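A.B. asks: Following this line is my_file.csv, made up of CSV, C-alpha atoms:
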chain,number,residue,atom,x,y,z
A,1,MET,CA,26.9,46.7,-22.2
A,2,GLY,CA,23.9,46.4,-20.0
A,3,VAL,CA,23.7,46.5,-16.2
A,4,GLU,CA,24.2,42.7,-16.1
A,5,GLN,CA,27.6,43.0,-17.7
A,6,LYS,CA,28.6,45.7,-15.4
A,7,LEU,CA,27.5,43.9,-12.3
A,8,ALA,CA,29.0,40.6,-13.5
A,9,ASN,CA,32.4,42.4,-13.7
A,10,MET,CA,31.8,43.4,-10.1
A,11,GLY,CA,31.1,39.7,-9.1
A,12,VAL,CA,27.3,40.1,-8.9
A,13,VAL,CA,24.9,37.9,-10.8
A,14,THR,CA,21.3,38.9,-11.4
A,15,THR,CA,18.5,36.3,-11.6
A,16,THR,CA,15.0,35.7,-10.5
A,17,LEU,CA,14.2,34.4,-7.0
A,18,GLU,CA,12.2,31.6,-8.6
A,19,ASN,CA,15.3,30.3,-10.4
A,20,VAL,CA,17.5,30.5,-7.2
A,21,VAL,CA,14.9,28.7,-5.1
A,22,ASN,CA,14.3,26.0,-7.7
A,23,TRP,CA,18.1,25.5,-8.2
A,24,SER,CA,18.7,25.2,-4.5
A,25,ARG,CA,15.9,22.6,-4.2
A,26,THR,CA,17.5,20.5,-6.9
A,27,GLY,CA,20.9,20.9,-5.3
A,28,ALA,CA,19.8,19.3,-2.0
A,29,MET,CA,17.0,17.0,-2.7
A,30,TRP,CA,16.8,14.6,0.2
A,31,PRO,CA,14.9,11.4,-0.5
A,32,MET,CA,13.1,9.4,2.1
A,33,LEU,CA,14.1,5.8,2.6
A,34,PHE,CA,11.1,3.7,1.5
A,35,GLY,CA,12.6,0.4,0.6
A,36,LEU,CA,9.7,-2.2,0.4
A,37,ALA,CA,11.3,-5.0,-1.7
A,38,CYS,CA,14.1,-5.9,-4.0
A,39,CYS,CA,14.2,-2.4,-5.6
A,40,ALA,CA,15.6,-1.1,-2.3
A,41,ILE,CA,18.8,-3.1,-3.0
A,42,GLU,CA,19.3,-1.1,-6.2
A,43,MET,CA,18.4,2.1,-4.4
A,44,MET,CA,21.2,1.3,-1.9
A,45,ALA,CA,23.6,0.5,-4.8
A,46,ALA,CA,22.7,3.8,-6.3
A,47,GLN,CA,23.8,5.6,-3.1
A,48,ALA,CA,27.0,3.5,-2.6
A,49,SER,CA,30.3,4.6,-3.9
A,50,ASN,CA,30.2,2.8,-7.3
A,51,TYR,CA,27.3,4.9,-8.6
A,52,ASP,CA,27.3,7.7,-6.0
A,53,MET,CA,24.1,9.6,-6.2
A,54,SER,CA,25.6,12.3,-4.1
A,55,ARG,CA,27.4,13.7,-7.1
A,56,PHE,CA,24.0,15.2,-8.1
A,57,GLY,CA,23.1,16.5,-4.7
A,58,MET,CA,20.7,13.7,-3.7
A,59,GLU,CA,22.9,12.0,-1.2
A,60,LEU,CA,21.2,12.1,2.1
A,61,MET,CA,18.6,9.4,2.6
A,62,ARG,CA,16.5,10.5,5.5
A,63,PRO,CA,14.8,8.0,7.7
A,64,SER,CA,12.2,10.6,8.8
A,65,PRO,CA,9.5,12.0,6.6
A,66,ARG,CA,9.8,15.4,8.3
A,67,GLN,CA,13.3,16.0,6.8
A,68,SER,CA,12.7,14.8,3.3
A,69,ASP,CA,11.4,16.3,0.0
A,70,LEU,CA,11.3,13.2,-2.1
A,71,MET,CA,9.7,9.8,-1.6
A,72,ILE,CA,11.3,7.0,-3.6
A,73,VAL,CA,8.7,4.1,-3.4
A,74,ALA,CA,11.0,1.2,-4.0
A,75,GLY,CA,9.0,-1.9,-4.3
A,76,ARG,CA,5.5,-3.3,-4.2
A,77,VAL,CA,2.9,-1.7,-1.9
A,78,SER,CA,0.5,-4.1,-0.3
A,79,LYS,CA,-3.1,-3.2,0.6
A,80,LYS,CA,-2.1,-3.0,4.2
A,81,MET,CA,1.0,-0.8,3.5
A,82,GLY,CA,-1.1,1.7,1.5
A,83,PRO,CA,-2.4,3.7,4.5
A,84,VAL,CA,1.1,3.8,6.0
A,85,LEU,CA,2.6,5.1,2.8
A,86,ARG,CA,-0.1,7.8,2.6
A,87,ARG,CA,0.4,8.8,6.2
A,88,LEU,CA,4.2,9.2,5.7
A,89,TYR,CA,3.5,11.2,2.5
A,90,ASP,CA,1.2,13.5,4.4
A,91,GLN,CA,3.9,14.0,7.1
A,92,MET,CA,6.5,15.2,4.6
A,93,PRO,CA,6.9,19.0,4.4
A,94,GLU,CA,5.8,20.7,1.2
A,95,PRO,CA,6.9,21.0,-1.6
A,96,LYS,CA,7.3,17.2,-2.0
A,97,TRP,CA,7.7,14.8,-4.9
A,98,VAL,CA,7.2,11.1,-5.4
A,99,ILE,CA,9.2,8.6,-7.6
A,100,ALA,CA,7.6,5.2,-8.3
A,101,MET,CA,10.6,3.0,-8.6
A,102,GLY,CA,10.2,-0.2,-10.6
A,103,ASP,CA,7.3,-2.0,-12.2
A,104,CYS,CA,5.6,-3.0,-9.0
A,105,ALA,CA,5.4,0.6,-7.7
A,106,SER,CA,4.4,1.9,-11.1
A,107,CYS,CA,1.7,-0.6,-12.1
A,108,GLY,CA,1.7,-3.6,-9.9
A,109,GLY,CA,4.2,-5.5,-12.0
A,110,VAL,CA,3.9,-9.2,-11.8
A,111,PHE,CA,1.8,-9.0,-8.7
A,112,ASN,CA,-1.6,-8.8,-10.3
A,113,ASN,CA,-3.6,-9.9,-7.3
A,114,TYR,CA,-5.8,-8.9,-4.4
A,115,ALA,CA,-3.0,-8.1,-2.0
A,116,ILE,CA,-1.0,-5.5,-4.0
A,117,TYR,CA,-1.8,-2.0,-5.1
A,118,GLN,CA,-1.8,-1.8,-8.9
A,119,GLY,CA,0.5,1.2,-8.9
A,120,VAL,CA,1.4,3.5,-6.1
A,121,ASP,CA,-0.5,6.2,-8.0
A,122,GLU,CA,-3.6,4.8,-6.4
A,123,VAL,CA,-2.4,6.1,-3.1
A,124,VAL,CA,-0.2,9.2,-3.7
A,125,PRO,CA,0.4,11.4,-6.7
A,126,VAL,CA,3.5,10.3,-8.6
A,127,ASP,CA,5.9,12.6,-10.5
A,128,VAL,CA,8.3,10.2,-12.2
A,129,TYR,CA,7.9,6.5,-13.0
A,130,VAL,CA,10.9,4.3,-13.4
A,131,ALA,CA,10.6,1.1,-15.5
A,132,GLY,CA,12.6,-2.0,-14.7
A,133,CYS,CA,12.4,-5.0,-12.5
A,134,PRO,CA,14.4,-3.8,-10.6
A,135,PRO,CA,15.7,-0.7,-12.4
A,136,ARG,CA,19.4,-0.3,-12.5
A,137,PRO,CA,21.0,2.4,-10.4
A,138,GLU,CA,21.5,4.5,-13.5
A,139,SER,CA,17.8,4.4,-14.1
A,140,LEU,CA,17.1,5.7,-10.6
A,141,ILE,CA,19.7,8.5,-11.0
A,142,HIS,CA,18.1,9.4,-14.3
A,143,ALA,CA,14.7,9.5,-12.7
A,144,VAL,CA,15.9,11.9,-10.0
A,145,MET,CA,17.6,14.1,-12.7
A,146,THR,CA,14.3,14.0,-14.7
A,147,LEU,CA,12.6,15.2,-11.6
A,148,HIS,CA,15.2,18.0,-11.2
A,149,GLU,CA,14.2,19.2,-14.7
A,150,LYS,CA,10.6,19.3,-13.6
A,151,VAL,CA,11.5,21.2,-10.4
A,152,LYS,CA,13.5,23.8,-12.3
A,153,THR,CA,10.5,24.8,-14.3
A,154,GLU,CA,8.2,25.1,-11.3
A,155,LYS,CA,6.5,28.5,-10.7
A,156,PHE,CA,5.7,30.0,-7.3
A,157,LYS,CA,2.2,30.7,-8.6
A,158,ASP,CA,1.6,27.1,-9.3
A,159,LEU,CA,3.0,25.9,-6.0
A,160,ALA,CA,0.8,28.4,-4.1
A,161,GLU,CA,-2.2,27.1,-5.9
A,162,LYS,CA,-1.2,23.5,-5.3
A,163,TYR,CA,-0.4,23.8,-1.6
A,164,GLY,CA,-2.7,26.7,-0.7
B,1,MET,CA,-0.1,-48.5,7.0
B,2,ASP,CA,2.3,-48.1,10.0
B,3,ASN,CA,2.0,-50.8,12.6
B,4,GLN,CA,1.6,-48.2,15.4
B,5,LEU,CA,-0.9,-46.1,13.4
B,6,GLU,CA,-3.2,-49.0,12.4
B,7,PRO,CA,-4.9,-49.5,15.8
B,8,ILE,CA,-5.3,-45.8,16.3
B,9,VAL,CA,-7.0,-45.4,13.0
B,10,ARG,CA,-9.3,-48.4,13.6
B,11,LYS,CA,-10.2,-47.0,17.0
B,12,LEU,CA,-11.1,-43.6,15.6
B,13,GLN,CA,-13.1,-45.3,12.9
B,14,ALA,CA,-15.1,-47.2,15.4
B,15,ASP,CA,-15.6,-44.3,17.9
B,16,PHE,CA,-16.2,-41.4,15.6
B,17,GLY,CA,-17.6,-42.9,12.4
B,18,ALA,CA,-14.5,-41.8,10.4
B,19,THR,CA,-13.9,-43.0,6.9
B,20,VAL,CA,-10.3,-43.9,6.1
B,21,GLU,CA,-8.3,-43.5,2.9
B,22,GLU,CA,-4.8,-44.8,2.5
B,23,PHE,CA,-2.2,-43.6,0.1
B,24,ARG,CA,1.4,-44.8,0.1
B,25,GLY,CA,1.3,-45.8,3.7
B,26,GLU,CA,-0.3,-42.5,4.9
B,27,ALA,CA,-3.8,-42.6,6.3
B,28,HIS,CA,-6.3,-39.8,6.2
B,29,LEU,CA,-9.5,-39.8,8.0
B,30,THR,CA,-12.7,-38.0,7.1
B,31,VAL,CA,-14.8,-36.9,10.1
B,32,SER,CA,-18.0,-34.9,10.3
B,33,THR,CA,-17.6,-31.4,11.6
B,34,GLU,CA,-19.9,-32.1,14.7
B,35,ARG,CA,-17.4,-34.7,15.9
B,36,ILE,CA,-14.2,-33.0,15.0
B,37,VAL,CA,-13.5,-31.5,18.5
B,38,ALA,CA,-14.1,-34.9,20.2
B,39,THR,CA,-11.9,-36.6,17.6
B,40,LEU,CA,-9.0,-34.2,18.1
B,41,GLU,CA,-9.4,-34.4,21.9
B,42,ALA,CA,-9.1,-38.2,21.7
B,43,CYS,CA,-6.1,-37.9,19.4
B,44,ARG,CA,-4.4,-35.6,21.8
B,45,ASP,CA,-5.2,-37.3,25.1
B,46,GLN,CA,-5.4,-41.0,24.2
B,47,PHE,CA,-3.1,-41.4,21.2
B,48,GLY,CA,-0.4,-38.9,21.9
B,49,PHE,CA,-0.7,-36.6,19.0
B,50,GLU,CA,0.5,-33.6,20.9
B,51,LEU,CA,1.2,-31.3,18.0
B,52,LEU,CA,-1.2,-29.8,15.5
B,53,SER,CA,1.5,-29.2,12.8
B,54,ALA,CA,-0.9,-27.7,10.2
B,55,GLN,CA,-4.4,-26.7,9.8
B,56,THR,CA,-5.7,-25.5,6.5
B,57,ALA,CA,-8.6,-25.7,4.1
B,58,VAL,CA,-9.2,-26.7,0.5
B,59,ASP,CA,-11.9,-25.4,-1.8
B,60,TYR,CA,-13.1,-28.2,-4.2
B,61,TRP,CA,-15.7,-26.0,-5.9
B,62,PRO,CA,-17.3,-26.7,-8.4
B,63,LYS,CA,-16.2,-30.4,-8.5
B,64,GLU,CA,-17.3,-31.6,-5.1
B,65,SER,CA,-20.1,-31.0,-2.6
B,66,PRO,CA,-19.7,-30.0,0.2
B,67,ARG,CA,-17.1,-27.7,-1.3
B,68,PHE,CA,-14.7,-27.1,1.6
B,69,HIS,CA,-12.5,-29.5,3.5
B,70,ILE,CA,-10.8,-28.4,6.7
B,71,ILE,CA,-7.6,-30.3,7.0
B,72,TYR,CA,-5.9,-31.0,10.4
B,73,GLN,CA,-2.4,-32.4,10.2
B,74,LEU,CA,-1.5,-34.0,13.5
B,75,THR,CA,2.0,-35.1,14.6
B,76,SER,CA,3.0,-37.3,17.5
B,77,VAL,CA,6.6,-36.3,18.4
B,78,THR,CA,6.9,-39.1,21.0
B,79,LYS,CA,5.7,-41.9,18.7
B,80,ASN,CA,7.0,-40.4,15.4
B,81,LEU,CA,3.5,-40.7,13.7
B,82,SER,CA,1.5,-38.3,11.6
B,83,LEU,CA,-2.2,-38.4,10.8
B,84,THR,CA,-4.4,-36.2,8.5
B,85,ILE,CA,-8.0,-35.5,9.4
B,86,HIS,CA,-10.4,-34.0,6.9
B,87,ALA,CA,-13.7,-32.3,7.9
B,88,PRO,CA,-16.0,-31.4,4.9
B,89,VAL,CA,-17.9,-28.2,5.2
B,90,ASN,CA,-20.9,-27.0,3.3
B,91,GLY,CA,-20.4,-23.9,1.2
B,92,SER,CA,-23.8,-22.1,1.8
B,93,GLN,CA,-23.1,-21.3,5.4
B,94,PRO,CA,-19.6,-22.5,6.3
B,95,GLU,CA,-19.3,-22.9,10.0
B,96,VAL,CA,-17.1,-25.3,12.0
B,97,PRO,CA,-16.7,-25.7,15.7
B,98,THR,CA,-13.3,-24.3,16.8
B,99,VAL,CA,-10.5,-26.6,18.0
B,100,SER,CA,-8.5,-23.7,19.6
B,101,GLY,CA,-9.6,-25.2,22.9
B,102,VAL,CA,-7.8,-28.4,22.1
B,103,TYR,CA,-4.7,-27.1,20.4
B,104,ASP,CA,-3.7,-23.5,21.2
B,105,SER,CA,-1.9,-23.2,17.8
B,106,ALA,CA,-5.2,-23.5,16.0
B,107,ASN,CA,-6.1,-19.9,17.1
B,108,TRP,CA,-4.2,-18.1,14.4
B,109,ARG,CA,-4.7,-20.8,11.8
B,110,GLU,CA,-8.4,-20.6,12.1
B,111,ARG,CA,-8.2,-16.9,11.8
B,112,GLU,CA,-6.2,-17.4,8.6
B,113,ILE,CA,-8.8,-19.9,7.2
B,114,TRP,CA,-11.6,-17.4,8.0
B,115,ASP,CA,-9.5,-14.6,6.3
B,116,MET,CA,-8.9,-16.6,3.1
B,117,PHE,CA,-11.9,-18.9,2.8
B,118,GLY,CA,-14.6,-17.2,4.8
B,119,ILE,CA,-15.3,-20.2,7.0
B,120,ARG,CA,-16.4,-19.2,10.5
B,121,PHE,CA,-15.2,-21.0,13.5
B,122,VAL,CA,-17.9,-21.2,16.1
B,123,GLY,CA,-16.7,-20.5,19.6
B,124,HIS,CA,-13.3,-19.0,18.5
B,125,PRO,CA,-12.1,-16.4,21.0
B,126,ASP,CA,-10.9,-13.8,18.4
B,127,MET,CA,-12.5,-14.3,15.0
B,128,ARG,CA,-10.9,-11.4,13.1
B,129,ARG,CA,-9.0,-11.2,9.8
B,130,ILE,CA,-5.3,-11.9,10.2
B,131,LEU,CA,-3.6,-11.0,6.9
B,132,ASN,CA,-6.0,-9.0,4.8
B,133,PRO,CA,-7.1,-5.5,5.7
B,134,PRO,CA,-9.8,-5.6,8.4
B,135,ASP,CA,-12.3,-3.8,6.1
B,136,ALA,CA,-11.9,-6.3,3.2
B,137,ASP,CA,-15.1,-7.9,1.9
B,138,TYR,CA,-13.6,-10.7,-0.1
B,139,PHE,CA,-12.2,-14.2,0.5
B,140,PRO,CA,-9.3,-14.5,-1.9
B,141,LEU,CA,-8.6,-18.3,-1.8
B,142,ARG,CA,-12.1,-19.3,-2.7
B,143,LYS,CA,-12.2,-20.8,-6.2
B,144,ASP,CA,-14.9,-18.4,-7.3
B,145,TYR,CA,-12.7,-15.4,-6.5
B,146,PRO,CA,-11.1,-14.1,-9.7
B,147,LEU,CA,-7.5,-15.3,-10.2
B,148,GLY,CA,-6.2,-11.9,-11.5
B,149,TYR,CA,-7.0,-8.7,-9.7
B,150,GLU,CA,-7.0,-6.2,-12.5
B,151,GLU,CA,-7.1,-6.5,-16.3
B,152,PRO,CA,-3.6,-5.6,-17.6
B,153,GLN,CA,-3.4,-2.2,-19.1
B,154,PHE,CA,-2.3,-2.3,-22.8
B,155,SER,CA,-2.3,0.5,-25.4
B,156,PHE,CA,-5.7,-0.7,-26.9
B,157,ASN,CA,-7.6,-0.6,-23.6
B,158,PHE,CA,-5.5,2.0,-21.7
B,159,ASP,CA,-8.2,4.7,-21.5
B,160,GLU,CA,-10.9,2.4,-20.5
B,161,ILE,CA,-9.0,1.0,-17.5
B,162,GLN,CA,-7.6,4.4,-16.6
B,163,LEU,CA,-11.2,5.6,-16.0
B,164,GLY,CA,-11.7,3.0,-13.3
B,165,LYS,CA,-8.5,3.9,-11.4
B,166,PRO,CA,-8.5,5.9,-8.2
B,167,ASN,CA,-6.6,9.2,-8.7
B,168,PRO,CA,-5.3,10.6,-5.5
B,169,LYS,CA,-4.8,14.3,-4.9
B,170,GLU,CA,-2.2,16.1,-2.9
Kindly present the structure from the file in structure tokens form.
C.D. replies:
Amino acid sequence: MGVEQKLANMGVVTTTLENVVNWSRTGAMWPMLFGLACCAIEMMAAQASNYDMSRFGMELMRPSPRQSDLMIVAGRVSKKMGPVLRRLYDQMPEPKWVIAMGDCASCGGVFNNYAIYQGVDEVVPVDVYVAGCPPRPESLIHAVMTLHEKVKTEKFKDLAEKYG
Amino acid sequence: MDNQLEPIVRKLQADFGATVEEFRGEAHLTVSTERIVATLEACRDQFGFELLSAQTAVDYWPKESPRFHIIYQLTSVTKNLSLTIHAPVNGSQPEVPTVSGVYDSANWREREIWDMFGIRFVGHPDMRRILNPPDADYFPLRKDYPLGYEEPQFSFNFDEIQLGKPNPKE
């Protein structure tokens, strides 16, 4: 019979601010459209009604980096696209996360040559890697939910250190 | 060889010292790089080859010397003829006079050949890289350029390769 019980009976929930903020971030995580190759087709399928990513609060693909928290790099990144990718990443407001979708974005995939970055982690820091060529929509949804688990454990202290 | 093509090839052979090879009815001429501009001008103005349908290069290293061949594929739309002209280029300082004054479409193709093979075109109006990043210091279609770009990362050499990778920060 603590104060929580009493407050709960009155319709009040006590928690920490950290938990509320992290929960709200996972509840409306807006990914940025970054379709570079065939993975983008699976990304579109994941948003469409059959798989429907919006059930998990990740429905709004934003065409502008200013309005997004999450960058899904769907496809291979060529040496000339690298600076563009980095620029868009720098334009996203903090806190921000990156998913490397598919083998090409994760490690270069079959494109082991001079024109393609051997993993997008050479350009931007990556939080979740998705395997597959291309990954199925379930894999992408799983990746975003894995990221949500990560976001839920984040501390203000660490974010302050990370972003200054 | 085609009846219409035969006199053209013979004329080019006499005027520009071209050597001729024939394969399944198609002729290809080999001309020295000093005479390539004059040859193509003659082809365009006298023989009606109004289209440069392809221009590319081949690296025959280490089998042949000189190692590069620039290849000009000419087409005559009016006469329904096609002709291939080769120009061998030395590998130590590969330079060729530009034909962008003869065929405008050679402009970007010569930029691509410079980009991929590192063959400079003397007199070209805009000799920049066209496909690769402007600060690249390699010529990827040369035969001595490594075929793969990076050694594949397996469990036994994971750490070794990881050390060499760039690791971006926030």
A.B. asks: What are the residues of chain A lining chain B at 12 Å or less? Count all atoms listed in the file, and put the answer as a PyMOL selection string.
C.D. replies: chain A and resi 78-83+86-87+89-92+94-98+106-127+159+161-164
A.B. asks: Include C-alpha atoms and write out the residues we just selected as a PDB file, in the coordinates of the input.
C.D. replies:
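Heads up, here's the output in out_34.pdb:
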ATOM      1  CA  SER A  78       0.500  -4.100  -0.300  1.00  0.00           C
ATOM      2  CA  LYS A  79      -3.100  -3.200   0.600  1.00  0.00           C
ATOM      3  CA  LYS A  80      -2.100  -3.000   4.200  1.00  0.00           C
ATOM      4  CA  MET A  81       1.000  -0.800   3.500  1.00  0.00           C
ATOM      5  CA  GLY A  82      -1.100   1.700   1.500  1.00  0.00           C
ATOM      6  CA  PRO A  83      -2.400   3.700   4.500  1.00  0.00           C
ATOM      7  CA  ARG A  86      -0.100   7.800   2.600  1.00  0.00           C
ATOM      8  CA  ARG A  87       0.400   8.800   6.200  1.00  0.00           C
ATOM      9  CA  TYR A  89       3.500  11.200   2.500  1.00  0.00           C
ATOM     10  CA  ASP A  90       1.200  13.500   4.400  1.00  0.00           C
ATOM     11  CA  GLN A  91       3.900  14.000   7.100  1.00  0.00           C
ATOM     12  CA  MET A  92       6.500  15.200   4.600  1.00  0.00           C
ATOM     13  CA  GLU A  94       5.800  20.700   1.200  1.00  0.00           C
ATOM     14  CA  PRO A  95       6.900  21.000  -1.600  1.00  0.00           C
ATOM     15  CA  LYS A  96       7.300  17.200  -2.000  1.00  0.00           C
ATOM     16  CA  TRP A  97       7.700  14.800  -4.900  1.00  0.00           C
ATOM     17  CA  VAL A  98       7.200  11.100  -5.400  1.00  0.00           C
ATOM     18  CA  SER A 106       4.400   1.900 -11.100  1.00  0.00           C
ATOM     19  CA  CYS A 107       1.700  -0.600 -12.100  1.00  0.00           C
ATOM     20  CA  GLY A 108       1.700  -3.600  -9.900  1.00  0.00           C
ATOM     21  CA  GLY A 109       4.200  -5.500 -12.000  1.00  0.00           C
ATOM     22  CA  VAL A 110       3.900  -9.200 -11.800  1.00  0.00           C
ATOM     23  CA  PHE A 111       1.800  -9.000  -8.700  1.00  0.00           C
ATOM     24  CA  ASN A 112      -1.600  -8.800 -10.300  1.00  0.00           C
ATOM     25  CA  ASN A 113      -3.600  -9.900  -7.300  1.00  0.00           C
ATOM     26  CA  TYR A 114      -5.800  -8.900  -4.400  1.00  0.00           C
ATOM     27  CA  ALA A 115      -3.000  -8.100  -2.000  1.00  0.00           C
ATOM     28  CA  ILE A 116      -1.000  -5.500  -4.000  1.00  0.00           C
ATOM     29  CA  TYR A 117      -1.800  -2.000  -5.100  1.00  0.00           C
ATOM     30  CA  GLN A 118      -1.800  -1.800  -8.900  1.00  0.00           C
ATOM     31  CA  GLY A 119       0.500   1.200  -8.900  1.00  0.00           C
ATOM     32  CA  VAL A 120       1.400   3.500  -6.100  1.00  0.00           C
ATOM     33  CA  ASP A 121      -0.500   6.200  -8.000  1.00  0.00           C
ATOM     34  CA  GLU A 122      -3.600   4.800  -6.400  1.00  0.00           C
ATOM     35  CA  VAL A 123      -2.400   6.100  -3.100  1.00  0.00           C
ATOM     36  CA  VAL A 124      -0.200   9.200  -3.700  1.00  0.00           C
ATOM     37  CA  PRO A 125       0.400  11.400  -6.700  1.00  0.00           C
ATOM     38  CA  VAL A 126       3.500  10.300  -8.600  1.00  0.00           C
ATOM     39  CA  ASP A 127       5.900  12.600 -10.500  1.00  0.00           C
ATOM     40  CA  LEU A 159       3.000  25.900  -6.000  1.00  0.00           C
ATOM     41  CA  GLU A 161      -2.200  27.100  -5.900  1.00  0.00           C
ATOM     42  CA  LYS A 162      -1.200  23.500  -5.300  1.00  0.00           C
ATOM     43  CA  TYR A 163      -0.400  23.800  -1.600  1.00  0.00           C
ATOM     44  CA  GLY A 164      -2.700  26.700  -0.700  1.00  0.00           C
TER      45      GLY A 164
END
A.B. asks: As a list of chain:residue names, please: the residues near B:Phe23 (cut-off 12 Å, only C-alpha atoms, same-chain neighbours under 5 positions excluded).
C.D. replies: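 So, after excluding close chain neighbours, the residues are B:Met1, B:Asp2, B:His28, B:Leu29, B:Leu83, B:Thr84.
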A.B. asks: Considering all atoms listed in the file, return as a list in words whatever protein or nucleic-acid residues lie within 9 Å of B:Arg128, sequence-local ones (same chain, fewer than 5 positions apart) excluded.
C.D. replies: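 Residues near the query, excluding close chain neighbours: Arg111, Glu112, Trp114, Asp115 and Pro134 of chain B.
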A.B. asks: Provide the atom CA of B:Lys63 to atom CA of B:Ala14 distance in Å, to one decimal place.
C.D. replies: 29.2 Å
A.B. asks: Would you mind telling me which residue in B:Leu163, B:Ile8, B:Ile36, B:Val89 lies nearest to B:Tyr60 when using all atoms listed in the file?
C.D. replies: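 Selected residue with least distance to B:Tyr60: B:Val89.
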A.B. asks: Select, from B:Phe117, B:Phe154, B:Phe16, B:Trp108, the residue with the minimum atom-to-atom distance to B:Ala42, counting all atoms listed in the file.
C.D. replies: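 Counting all atoms listed in the file, the residue closest to B:Ala42 is B:Phe16.
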A.B. asks: What is the atom CA of A:Lys152-atom CA of A:Val84 distance in Å, reported with one decimal?
C.D. replies: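 Atom-to-atom, atom CA of A:Lys152 and atom CA of A:Val84 are spaced 29.8 Å apart.
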A.B. asks: In Å, with one decimal, what is the gap from atom CA of B:Leu40 to atom CA of B:Gly101?
C.D. replies: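 Between atom CA of B:Leu40 and atom CA of B:Gly101 the gap is 10.2 Å.
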A.B. asks: If you count only C-alpha atoms, which residues fall within 7 Å of stretch 20-22 of chain A, apart from same-chain ones fewer than 3 positions away, as number ranges by chain?
C.D. replies: A: 16-17, 25-26, 151-152
A.B. asks: Just the residues within 9 Å of B:Gln55, please, counting all atoms listed in the file, with nothing from its chain fewer than 5 positions along; format it as JSON, numbers by chain.
C.D. replies: {"B": [70, 71, 72, 73, 74, 106, 109, 110, 113]}
A.B. asks: Which residue, A:Leu88, A:Pro31, A:Glu18, A:Val130, has the smallest gap to A:Asp158 when you use all atoms listed in the file?
C.D. replies: A:Glu18
